[in-house]
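S.K.: Before I ask anything, here is the structure I am working with.
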Amino acid sequence: NKKVLIITSTYNQIISKGLQKYTLNFLRKFVWIKKTSIQVPGAFEIPSVVEKYIRKFDGVIVLGCIIKGETNNFDLISRSITDSLMYLSIKHKKPIGNGIITCFNYKQAISRRKKGEEAALAVKEVLSLNQKVTDKFS
């Protein structure tokens with residue numbers, strides 16, 4: 001059994017709930033994955049929560065939506081979150097599926113709600129690969 005933490009931003013809640021729905025529907029097929037879900041206020045809070053809990057889990061899936069506004073805040077936040085998640089994944093040697101979508105408008109965000117499933121697939125595949133490598137060398 002593998003434990004996976006799903007962290008969902010409540011900002012842009014309609015989009016985030018869609019991301020979470022597709023993620024959970026996908027993961028239901030894999031009984032060997034035990035899921036724990038928590039929510040955070042925004043995408044910017046996700047990396048610190050990953051750092052806090054990652055040692056207790058085999059993988060993490062992060063979900064959220066950042067829609068571009070009139071300032072460059074979109075670029076700064078998107079890049080800092082992505083860089084932080086990559087750093088944490090490498091530091092802890094655990095998969096982090098990035099299901100934080102970045103969009104230019106709400107319509108685009110609605111059409112990308114299935115990206116949570118892709119993040120879940122990535123984590124599932126890495127956990128499966130890790131198990132195969134462990135079995136091969138045991």
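By order of appearance in the structure tokens: chains A, B, ..., then residues from 1 within every chain, and ligands from 1 in the order shown.
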Could you write out, as a PyMOL selection string, all the residues of stretch 80-123 of chain A that DSSP marks as strand (DSSP E or B)?
M.R.: chain A and resi 96-103
S.K.: Need the shell around A:Ile15: protein/DNA/RNA residues with any atom at most 7 Å away, counting only C-alpha atoms. Skip same-chain ones fewer than 5 positions apart. Format as a ChimeraX atom specification?
M.R.: /A:65,109-110,113
S.K.: Smallest atom-to-atom distance to A:Ala120: which of A:Ile61, A:Lys21, A:Ser48, A:Ser84, using only C-alpha atoms?
M.R.: A:Ile61
S.K.: Work out how far atom CA of A:Asn73 is from atom CA of A:Tyr22, in Å to one decimal.
M.R.: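 Calculated distance between atom CA of A:Tyr22 and atom CA of A:Asn73 is 27.6 Å.
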S.K.: Mind pulling up the distance from atom CA of A:Ile14 to atom CA of A:Gln108?
M.R.: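 Interatomic distance here is 13.1 Å.
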S.K.: Excluding A:Trp32 and its own-chain neighbours fewer than 6 positions away, which residues fall within 10 Å of it when counting only C-alpha atoms? Please give them as a compact mmCIF listing (two decimals) with N, CA, C and O atoms, in the first residue's frame.
M.R.:
# COMPACT_ATOMS: atom_id res chain seq x y z
N ASN A 1 0.83 -1.20 0.00
CA ASN A 1 0.00 0.00 0.00
C ASN A 1 0.86 1.25 0.00
O ASN A 1 1.88 1.31 0.68
N LYS A 2 0.43 2.24 -0.74
CA LYS A 2 1.11 3.53 -0.81
C LYS A 2 0.16 4.61 -0.34
O LYS A 2 -1.04 4.58 -0.63
N LYS A 3 0.71 5.58 0.38
CA LYS A 3 -0.08 6.69 0.89
C LYS A 3 0.18 7.94 0.04
O LYS A 3 1.34 8.30 -0.15
